[in-house]
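Structure data follow from data_22.tsv (TSV, C-alpha atoms):
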chain	number	residue	atom	x	y	z
K	497	MET	CA	142.85	52.03	105.38
K	498	VAL	CA	146.36	51.02	104.23
K	499	SER	CA	147.46	47.54	105.28
K	500	CYS	CA	150.90	46.65	106.61
K	501	CYS	CA	151.57	44.70	103.43
K	502	ASP	CA	150.74	47.75	101.30
K	503	CYS	CA	153.13	49.86	103.36
K	504	GLN	CA	155.96	47.40	102.76
K	505	VAL	CA	155.28	47.43	99.02
K	506	MET	CA	155.32	51.24	99.00
K	507	VAL	CA	158.63	51.34	100.90
K	508	VAL	CA	160.23	48.85	98.51
K	509	PHE	CA	158.92	50.82	95.53
K	510	ALA	CA	160.31	54.05	96.98
K	511	LEU	CA	163.72	52.47	97.53
K	512	VAL	CA	163.84	51.10	93.98
K	513	LEU	CA	162.80	54.49	92.59
K	514	ALA	CA	165.42	56.28	94.69
K	515	ARG	CA	168.10	53.88	93.50
K	516	GLN	CA	167.14	54.39	89.86
K	517	LEU	CA	167.23	58.18	90.28
K	518	THR	CA	170.62	57.96	91.99
K	519	MET	CA	172.04	55.84	89.17
K	520	GLN	CA	170.72	58.30	86.56
K	521	MET	CA	172.26	61.21	88.45
K	522	MET	CA	175.63	59.49	88.79
K	523	GLN	CA	175.70	58.90	85.03
K	524	ASN	CA	175.29	62.63	84.40
K	525	PRO	CA	178.77	64.20	83.88
K	526	GLN	CA	177.59	67.64	85.03
K	527	ILE	CA	176.17	66.30	88.29
K	528	LEU	CA	179.32	64.24	88.87
K	529	ALA	CA	181.52	67.29	88.28
K	530	ALA	CA	179.46	69.39	90.67
K	531	LEU	CA	179.60	66.65	93.31
K	532	GLN	CA	183.36	66.29	92.92
K	533	GLU	CA	183.79	70.06	93.25
K	534	ARG	CA	181.74	70.01	96.43
K	535	LEU	CA	183.77	67.13	97.86
K	536	ASP	CA	187.04	68.86	96.95
K	537	GLY	CA	185.84	71.90	98.84
K	538	LEU	CA	185.30	69.80	101.93
K	539	VAL	CA	188.84	68.39	101.95
K	540	GLY	CA	190.67	69.81	104.93
K	541	SER	CA	187.57	71.53	106.29
K	542	PRO	CA	187.25	71.39	110.07
K	543	SER	CA	184.57	69.07	111.41
K	544	GLY	CA	183.77	71.34	114.34
K	545	TYR	CA	185.08	68.83	116.87
K	546	MET	CA	188.31	70.74	117.53
K	547	GLU	CA	186.40	73.95	118.20
K	548	SER	CA	184.32	72.15	120.81
K	549	LEU	CA	187.33	71.03	122.84
K	550	PRO	CA	188.34	72.83	126.06
K	551	LYS	CA	191.20	75.32	125.73
K	552	VAL	CA	193.62	73.16	127.78
K	553	VAL	CA	193.01	70.19	125.44
K	554	LYS	CA	193.59	72.38	122.37
K	555	ARG	CA	196.97	73.36	123.85
K	556	ARG	CA	197.94	69.70	124.14
K	557	VAL	CA	196.78	68.97	120.59
K	558	ASN	CA	199.04	71.82	119.40
K	559	ALA	CA	201.92	70.11	121.22
K	560	LEU	CA	201.13	66.90	119.32
K	561	LYS	CA	201.10	68.82	116.04
K	562	ASN	CA	204.53	70.27	116.83
K	563	LEU	CA	205.75	66.71	117.42
K	564	GLN	CA	204.27	65.73	114.07
K	565	VAL	CA	206.22	68.50	112.33
K	566	LYS	CA	209.43	67.11	113.88
K	567	CYS	CA	208.44	63.66	112.60
K	568	ALA	CA	208.05	65.11	109.11
K	569	HIS	CA	211.60	66.53	109.25
K	570	ILE	CA	212.97	63.15	110.36
K	571	GLU	CA	211.06	61.48	107.52
K	572	ALA	CA	212.61	63.97	105.10
K	573	LYS	CA	216.08	62.91	106.27
K	574	PHE	CA	215.07	59.28	105.81
K	575	TYR	CA	214.21	59.93	102.15
K	576	GLU	CA	217.51	61.76	101.65
K	577	GLU	CA	219.30	58.59	102.77
K	578	VAL	CA	217.06	56.54	100.48
K	579	HIS	CA	218.21	58.77	97.63
K	580	GLU	CA	221.83	58.04	98.58
K	581	LEU	CA	221.04	54.31	98.49
K	582	GLU	CA	219.51	54.75	95.04
K	583	ARG	CA	222.74	56.39	93.88
K	584	LYS	CA	224.78	53.51	95.33
K	585	TYR	CA	222.69	50.77	93.74
K	586	ALA	CA	222.40	52.62	90.43
K	587	ALA	CA	226.14	51.97	90.03
K	588	LEU	CA	225.53	48.25	90.61
K	589	TYR	CA	222.67	48.09	88.11
K	590	GLN	CA	224.49	50.04	85.40
K	591	PRO	CA	226.74	47.24	84.07
K	592	LEU	CA	223.62	45.12	83.52
K	593	PHE	CA	221.85	47.99	81.77
K	594	ASP	CA	224.96	48.56	79.64
K	595	LYS	CA	224.92	44.88	78.60
K	596	ARG	CA	221.21	45.27	77.76
K	597	SER	CA	222.02	48.25	75.57
K	598	GLU	CA	224.80	46.35	73.79
K	599	ILE	CA	222.41	43.49	72.96
K	600	VAL	CA	219.66	45.85	71.77
K	601	ARG	CA	221.96	47.76	69.41
K	602	ALA	CA	223.83	44.66	68.23
K	603	ALA	CA	227.13	45.61	69.84
K	604	TYR	CA	227.16	42.27	71.65
K	605	GLU	CA	225.72	38.87	70.71
K	606	PRO	CA	224.66	36.91	73.82
K	607	THR	CA	225.87	33.34	74.22
K	608	ASP	CA	223.58	30.30	74.04
K	609	GLU	CA	223.84	30.02	77.81
K	610	GLU	CA	222.76	33.65	78.28
K	611	CYS	CA	219.81	33.10	75.95
K	612	GLU	CA	218.54	30.01	77.75
K	613	TRP	CA	215.23	30.79	79.47
K	614	LYS	CA	213.32	28.35	81.68
K	615	GLN	CA	209.62	28.64	80.96
K	616	ASP	CA	206.92	28.45	83.61
K	617	GLU	CA	205.14	25.12	83.93
K	618	GLU	CA	202.04	26.36	82.15
K	619	GLU	CA	204.19	27.68	79.33
K	620	GLU	CA	206.05	24.42	78.78
K	621	LEU	CA	205.37	22.75	75.45
K	622	THR	CA	205.40	19.13	74.41
K	623	GLU	CA	208.45	17.92	72.50
K	624	GLU	CA	206.33	17.70	69.34
K	625	MET	CA	205.15	21.29	69.68
K	626	LYS	CA	208.69	22.46	70.42
K	627	GLU	CA	210.00	20.77	67.28
K	628	LYS	CA	207.18	22.23	65.18
K	629	ALA	CA	207.83	25.70	66.57
K	630	LYS	CA	211.55	25.35	65.89
K	631	VAL	CA	210.92	24.36	62.25
K	632	GLU	CA	208.53	27.30	61.78
K	633	GLU	CA	211.06	29.68	63.33
K	634	GLU	CA	213.89	28.41	61.12
K	635	LYS	CA	211.64	28.75	58.08
K	636	LYS	CA	210.85	32.37	58.95
K	637	ASP	CA	214.54	33.12	59.51
K	638	GLU	CA	215.35	31.77	56.04
K	639	GLU	CA	212.69	33.96	54.43
K	640	LYS	CA	213.99	37.23	55.84
K	641	GLU	CA	217.28	38.93	56.54
K	642	ASP	CA	218.89	38.39	59.91
K	643	PRO	CA	217.97	41.49	61.96
K	644	LYS	CA	220.65	43.13	64.06
K	645	GLY	CA	220.14	43.37	67.81
K	646	ILE	CA	216.51	43.94	68.81
K	647	PRO	CA	214.95	46.30	66.24
K	648	GLU	CA	212.70	49.10	67.50
K	649	PHE	CA	213.17	47.99	71.11
K	650	TRP	CA	212.50	51.33	72.82
K	651	LEU	CA	209.84	52.39	70.31
K	652	THR	CA	207.97	49.16	71.09
K	653	VAL	CA	208.30	49.85	74.83
K	654	PHE	CA	206.80	53.32	74.34
K	655	LYS	CA	203.95	52.00	72.22
K	656	ASN	CA	203.13	49.32	74.79
K	657	VAL	CA	202.74	51.80	77.68
K	658	ASP	CA	199.59	53.95	77.59
K	659	LEU	CA	201.22	56.82	79.49
K	660	LEU	CA	203.91	57.11	76.80
K	661	SER	CA	201.97	56.03	73.71
K	662	GLU	CA	199.58	58.95	74.28
K	663	MET	CA	202.53	61.28	73.66
K	664	LEU	CA	203.61	59.59	70.44
K	665	GLN	CA	202.63	60.95	67.05
K	666	GLU	CA	203.08	59.13	63.78
K	667	HIS	CA	205.87	61.50	62.77
K	668	ASP	CA	207.78	60.67	66.00
K	669	GLU	CA	208.09	56.97	65.29
K	670	PRO	CA	210.78	57.13	62.55
K	671	ILE	CA	212.92	59.14	64.99
K	672	LEU	CA	212.40	56.87	67.97
K	673	LYS	CA	213.52	53.91	65.89
K	674	HIS	CA	217.00	55.41	66.37
K	675	LEU	CA	216.71	55.49	70.19
K	676	GLN	CA	219.35	53.10	71.53
K	677	ASP	CA	219.19	53.53	75.29
K	678	ILE	CA	217.68	55.49	78.19
K	679	LYS	CA	219.83	56.05	81.26
K	680	VAL	CA	219.12	57.56	84.69
K	681	LYS	CA	221.83	59.67	86.31
K	682	PHE	CA	221.45	60.79	89.95
K	683	SER	CA	222.93	63.95	91.40
K	684	ASP	CA	226.31	63.62	93.11
K	685	ALA	CA	226.64	63.23	96.86
K	686	GLY	CA	226.26	66.56	98.65
K	687	GLN	CA	224.46	68.15	95.70
K	688	PRO	CA	220.76	69.12	95.67
K	689	MET	CA	218.58	66.09	95.02
K	690	SER	CA	217.85	65.53	91.31
K	691	PHE	CA	217.93	62.94	88.54
K	692	THR	CA	218.55	63.21	84.81
K	693	LEU	CA	217.07	61.08	82.05
K	694	GLU	CA	219.46	60.57	79.14
K	695	PHE	CA	218.04	59.46	75.79
K	696	HIS	CA	220.85	58.09	73.62
K	697	PHE	CA	220.34	58.12	69.84
K	698	GLU	CA	222.35	56.66	67.01
K	699	PRO	CA	223.23	59.04	64.13
K	700	ASN	CA	220.05	59.93	62.25
K	701	ASP	CA	218.62	62.32	59.65
K	702	PHE	CA	216.52	64.33	62.13
K	703	PHE	CA	218.90	66.00	64.61
K	704	THR	CA	222.60	66.09	65.35
K	705	ASN	CA	222.39	65.45	69.11
K	706	THR	CA	223.58	62.05	70.25
K	707	VAL	CA	222.00	62.51	73.70
K	708	LEU	CA	218.83	64.36	74.73
K	709	THR	CA	218.43	65.11	78.44
K	710	LYS	CA	215.70	65.97	80.92
K	711	THR	CA	216.62	66.88	84.51
K	712	TYR	CA	214.17	66.81	87.42
K	713	LYS	CA	214.95	68.79	90.56
K	714	MET	CA	213.62	67.30	93.78
K	715	ARG	CA	213.12	68.37	97.35
K	716	SER	CA	212.89	66.26	100.48
K	717	GLU	CA	211.80	68.67	103.16
K	718	PRO	CA	208.41	69.64	104.54
K	719	ASP	CA	206.78	72.77	103.17
K	720	GLU	CA	206.82	75.40	105.94
K	721	SER	CA	203.31	76.54	105.04
K	722	ASP	CA	201.92	72.98	105.03
K	723	PRO	CA	204.31	70.58	106.80
K	724	PHE	CA	201.67	67.88	107.30
K	725	SER	CA	201.37	67.37	103.54
K	726	PHE	CA	204.86	65.86	103.35
K	727	ASP	CA	204.85	62.22	102.25
K	728	GLY	CA	208.15	61.88	100.42
K	729	PRO	CA	210.40	63.72	97.95
K	730	GLU	CA	208.65	66.05	95.53
K	731	ILE	CA	209.68	66.99	92.00
K	732	MET	CA	209.93	70.77	92.14
K	733	GLY	CA	210.83	71.56	88.55
K	734	CYS	CA	212.47	70.24	85.41
K	735	THR	CA	214.68	71.44	82.58
K	736	GLY	CA	215.02	70.00	79.10
K	737	CYS	CA	217.60	70.54	76.40
K	738	ALA	CA	217.90	72.18	73.00
K	739	ILE	CA	217.41	69.83	70.07
K	740	ASP	CA	219.60	70.63	67.08
K	741	TRP	CA	217.14	69.77	64.33
K	742	VAL	CA	218.24	69.23	60.76
K	743	LYS	CA	216.62	71.85	58.54
K	744	GLY	CA	213.07	70.86	57.66
K	745	LYS	CA	213.01	67.92	60.11
K	746	ASN	CA	211.69	69.62	63.28
K	747	VAL	CA	208.57	67.62	64.15
K	748	THR	CA	207.66	69.95	67.06
K	749	LEU	CA	206.71	72.65	64.55
K	750	LYS	CA	204.40	72.63	61.55
K	751	THR	CA	203.72	75.10	58.76
K	752	ILE	CA	200.16	76.17	58.07
K	753	LYS	CA	198.71	78.45	55.39
K	754	LYS	CA	196.05	80.98	56.28
K	755	LYS	CA	194.14	83.35	54.05
K	756	GLN	CA	193.99	87.00	55.09
K	757	LYS	CA	191.70	89.63	53.66
K	758	HIS	CA	192.93	93.24	53.43
K	759	LYS	CA	190.43	95.50	55.22
K	760	GLY	CA	190.88	98.45	52.87
K	761	ARG	CA	191.43	96.95	49.44
K	762	GLY	CA	189.51	93.73	49.97
K	763	THR	CA	192.28	91.66	48.43
K	764	VAL	CA	193.07	88.20	49.78
K	765	ARG	CA	196.55	86.89	50.38
K	766	THR	CA	197.89	83.58	51.72
K	767	VAL	CA	200.12	83.83	54.78
K	768	THR	CA	202.41	81.00	55.88
K	769	LYS	CA	202.82	80.52	59.63
K	770	THR	CA	204.93	78.20	61.76
K	771	VAL	CA	203.04	76.92	64.79
K	772	PRO	CA	203.69	74.33	67.55
K	773	ASN	CA	202.97	70.72	66.65
K	774	ASP	CA	202.08	67.77	68.88
K	775	SER	CA	205.12	65.57	69.35
K	776	PHE	CA	206.83	63.38	71.93
K	777	PHE	CA	209.87	65.62	71.55
K	778	ASN	CA	208.02	68.49	73.24
K	779	PHE	CA	208.94	66.49	76.35
K	780	PHE	CA	212.36	68.15	76.17
K	781	SER	CA	210.86	71.67	76.32
K	782	PRO	CA	208.87	71.65	79.57
K	783	PRO	CA	207.06	74.73	80.93
K	784	ASP	CA	208.82	76.73	83.63
K	785	VAL	CA	207.69	76.50	87.23
K	786	PRO	CA	207.12	80.08	88.49
K	787	GLU	CA	209.30	81.05	91.45
K	788	GLY	CA	206.26	82.19	93.41
K	789	GLY	CA	204.55	78.86	92.81
K	790	GLU	CA	201.40	80.49	91.40
K	791	MET	CA	200.11	78.56	88.38
K	792	ASP	CA	196.86	78.38	86.50
K	793	GLU	CA	194.96	75.09	86.35
K	794	ASP	CA	196.17	74.20	82.83
K	795	SER	CA	199.82	74.74	83.76
K	796	GLU	CA	199.37	72.60	86.87
K	797	ALA	CA	197.92	69.79	84.77
K	798	VAL	CA	200.78	69.98	82.24
K	799	LEU	CA	203.44	69.96	84.94
K	800	ALA	CA	201.75	67.17	86.88
K	801	ALA	CA	201.68	65.02	83.73
K	802	ASP	CA	205.32	65.89	82.94
K	803	PHE	CA	206.49	65.02	86.45
K	804	GLU	CA	204.54	61.76	86.38
K	805	ILE	CA	206.07	60.73	83.06
K	806	GLY	CA	209.61	61.49	84.24
K	807	HIS	CA	209.08	59.59	87.47
K	808	PHE	CA	207.55	56.63	85.61
K	809	ILE	CA	210.44	56.41	83.13
K	810	ARG	CA	212.95	56.50	85.97
K	811	GLU	CA	211.14	54.12	88.33
K	812	ARG	CA	209.56	51.61	85.94
K	813	ILE	CA	210.65	51.89	82.30
K	814	VAL	CA	214.42	51.97	82.67
K	815	PRO	CA	214.73	49.18	85.29
K	816	ARG	CA	212.18	46.86	83.62
K	817	ALA	CA	212.38	47.77	79.93
K	818	VAL	CA	212.36	44.20	78.59
K	819	LEU	CA	209.13	43.41	80.47
K	820	TYR	CA	207.43	46.41	78.87
K	821	PHE	CA	208.80	45.31	75.50
K	822	THR	CA	207.20	41.88	75.92
K	823	GLY	CA	204.09	43.30	77.62
K	824	GLU	CA	204.57	41.33	80.84
K	825	ALA	CA	204.89	44.43	83.05
K	826	ILE	CA	201.84	46.26	81.76
K	827	GLU	CA	199.18	44.55	83.90
K	828	ASP	CA	197.98	46.66	86.87
K	829	ASP	CA	200.19	49.58	85.81
K	830	ASP	CA	197.24	51.75	84.75
K	831	ASP	CA	195.80	51.89	88.27
K	832	ASP	CA	199.21	52.64	89.79
K	833	VAL	CA	199.87	55.42	87.28
K	834	SER	CA	196.47	56.97	87.91
K	835	GLU	CA	197.01	56.91	91.67
K	836	ARG	CA	200.48	58.49	91.43
K	837	HIS	CA	199.21	61.10	88.97
K	838	VAL	CA	196.59	62.21	91.50
K	839	ARG	CA	199.26	62.34	94.22
K	840	VAL	CA	201.60	64.48	92.12
K	841	LYS	CA	198.78	66.84	91.10
K	842	ARG	CA	197.69	67.15	94.72
K	843	ARG	CA	201.22	68.18	95.71
K	844	LEU	CA	201.30	70.80	92.99
K	845	THR	CA	197.98	72.17	94.19
K	846	ARG	CA	199.20	72.37	97.77
K	847	ARG	CA	202.07	74.61	96.73
K	848	THR	CA	199.75	77.06	95.00
K	849	ILE	CA	197.14	77.37	97.73
K	850	GLN	CA	197.66	79.81	100.58
K	851	THR	CA	197.35	77.75	103.77
K	852	MET	CA	196.69	79.10	107.24
K	853	SER	CA	198.98	78.03	110.07
K	854	PRO	CA	197.20	76.42	113.04
K	855	ARG	CA	196.46	78.78	115.90

Whole structure given in structure tokens:
Amino acid sequence: MVSCCDCQVMVVFALVLARQLTMQMMQNPQILAALQERLDGLVGSPSGYMESLPKVVKRRVNALKNLQVKCAHIEAKFYEEVHELERKYAALYQPLFDKRSEIVRAAYEPTDEECEWKQDEEEELTEEMKEKAKVEEEKKDEEKEDPKGIPEFWLTVFKNVDLLSEMLQEHDEPILKHLQDIKVKFSDAGQPMSFTLEFHFEPNDFFTNTVLTKTYKMRSEPDESDPFSFDGPEIMGCTGCAIDWVKGKNVTLKTIKKKQKHKGRGTVRTVTKTVPNDSFFNFFSPPDVPEGGEMDEDSEAVLAADFEIGHFIRERIVPRAVLYFTGEAIEDDDDDVSERHVRVKRRLTRRTIQTMSPR
């Protein structure tokens, strides 16, 4: 006969065993992938509750859904006005960004008053430490040449941000040392919603362009096939620009040698091929978005990443560049980027899936 105490022990043992098995399963990538696929398949699936409602109630729910569609259209107009506000305030920010650019590229030397920065209380140093730091700084300045402006400002920003540093290759860095400024230009009033990123370069040995551009076209209106998915303006496509590379300096291409054997004669020859190469500058040659919206999974992933990068540069990097240079703006950005990346990818997926209108 099993005692009550024995039963409790067996229950506890079973729970511990179940927990261990669950933890082992959740550490298995294949099981996790299968579970995620199953969960994805459940997204948007009806619970059965709607089907159980009386017909007259379903009619009223349809009326509520029609009201929701009207709300989505009003929300779209709201975001159009937000875009107009962005245009207005971009003009107010620009003189400050221009001054930033002048300091970075040594076109302007800030005054002592402009360079004065009040430290936080925890950052404040004792007078002795300040004097010691000043002596050390003066000593370092004597040992090296006086640098102009802020050397490698934008390259350092890129290297400090994971989303951008993942795009950088070693052969890109000498080019990005010549990057002097990044500007955001919004579409004019009355024109379709869009923004352009302008990358301004000083004369260099790699290409003859002084400005490289990337334009993102946006839409702020609910999708007729899925109006309830609307939650703000979407990037619908983007166009890059041609880079006029100096001969032999194109880092987006590489030359490889491959041996080929002649089937008939059996002789071997070496063939030289030019193939695509990983580079940040592929950013200016984005894939086309098909007019029909049908894309394979790889293309969706590439476009989602491209849209996320463009949005991040516009929204975070350009307005707060100095804080990414110093590293102060990097905390908590990874989670935000991941969340927005999922949102952008979800929007892309919605446009490629055939949705059924509610009956």

| field | Contact residues around Pro647 in chain K with all atoms listed in the file at 8 Å, ignoring same-chain residues under 2 positions, as an NGL selection string | value | :K and (600-601 or 643-645 or 649 or 673)

| What is the CA of Phe780 in chain K to CA of Ile752 in chain K distance in Å? |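 CA of Ile752 in chain K lies at a distance of 23.3 Å from CA of Phe780 in chain K.
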
| task | May I ask for the distance between CA of Ala587 in chain K and CA of Phe776 in chain K, given in Å to one decimal place? | result | 28.8 Å

Contact table range 649-764 of chain K vs range 563-579 of chain K, cut-off 7 Å, shortest pair per residue, all atoms listed in the file, as a tab-separated table:
residue	atom	partner	partner_atom	distance
K:Ser716	CA	K:Ala572	CA	5.2
K:Glu717	CA	K:Ala572	CA	5.1
K:Pro718	CA	K:Ala568	CA	6.4
K:Pro723	CA	K:Val565	CA	6.2
K:Phe724	CA	K:Val565	CA	6.8
K:Phe726	CA	K:Ala568	CA	6.6
K:Gly728	CA	K:Tyr575	CA	6.6
K:Pro729	CA	K:Tyr575	CA	6.8

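Minimum atom-to-atom distances from K:Glu811, K:Asp740, K:Asp642, K:Glu793 to Asn700 in chain K were compared using all atoms listed in the file, and the lowest value belongs to K:Asp740.
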
| request: Excluding Pro606 in chain K and any residue of its chain fewer than 5 positions from it, enumerate the residues within 10 Å of it, using only C-alpha atoms, and give them as a PyMOL selection string. | output: chain K and resi 595-596+598-599+611+645

Selection file, C-alpha atoms, as a JSON list (two decimals), in the coordinates of the input:
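The resulting file, selection_38.json, is shown below:
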[["chain", "number", "residue", "atom", "x", "y", "z"],
["K", 595, "LYS", "CA", 224.92, 44.88, 78.60],
["K", 596, "ARG", "CA", 221.21, 45.27, 77.76],
["K", 598, "GLU", "CA", 224.80, 46.35, 73.79],
["K", 599, "ILE", "CA", 222.41, 43.49, 72.96],
["K", 611, "CYS", "CA", 219.81, 33.10, 75.95],
["K", 645, "GLY", "CA", 220.14, 43.37, 67.81]]

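Shortest separation to Leu693 in chain K among K:Thr709, K:Asn558, K:Gln665, K:Thr751 occurs at residue K:Thr709, atoms counted being only C-alpha atoms.
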
| query | For Phe821 in chain K, which residue out of K:His667, K:Lys655, K:Lys759, K:Lys561 is the nearest one, using only C-alpha atoms? | reply |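 Checking each of K:His667, K:Lys655, K:Lys759, K:Lys561 against Phe821 in chain K, counting only C-alpha atoms, the winner is K:Lys655.
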
| field | Shell around Thr766 in chain K at 8 Å using all atoms listed in the file, local window under 5 positions removed, as a list of chain:residue names | value |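 Listed by chain and then number, they are K:Lys753, K:Lys754, K:Lys755, K:Gln756.
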
| request: Mind giving me the straight-line distance from CA of Cys734 in chain K to CA of Ser690 in chain K in Å, one decimal? | output: 9.3 Å

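Comparing K:Gln615, K:Thr822, K:Ser781, K:Gln590 by their smallest distance to Lys681 in chain K, the closest is K:Gln590 (using all atoms listed in the file).
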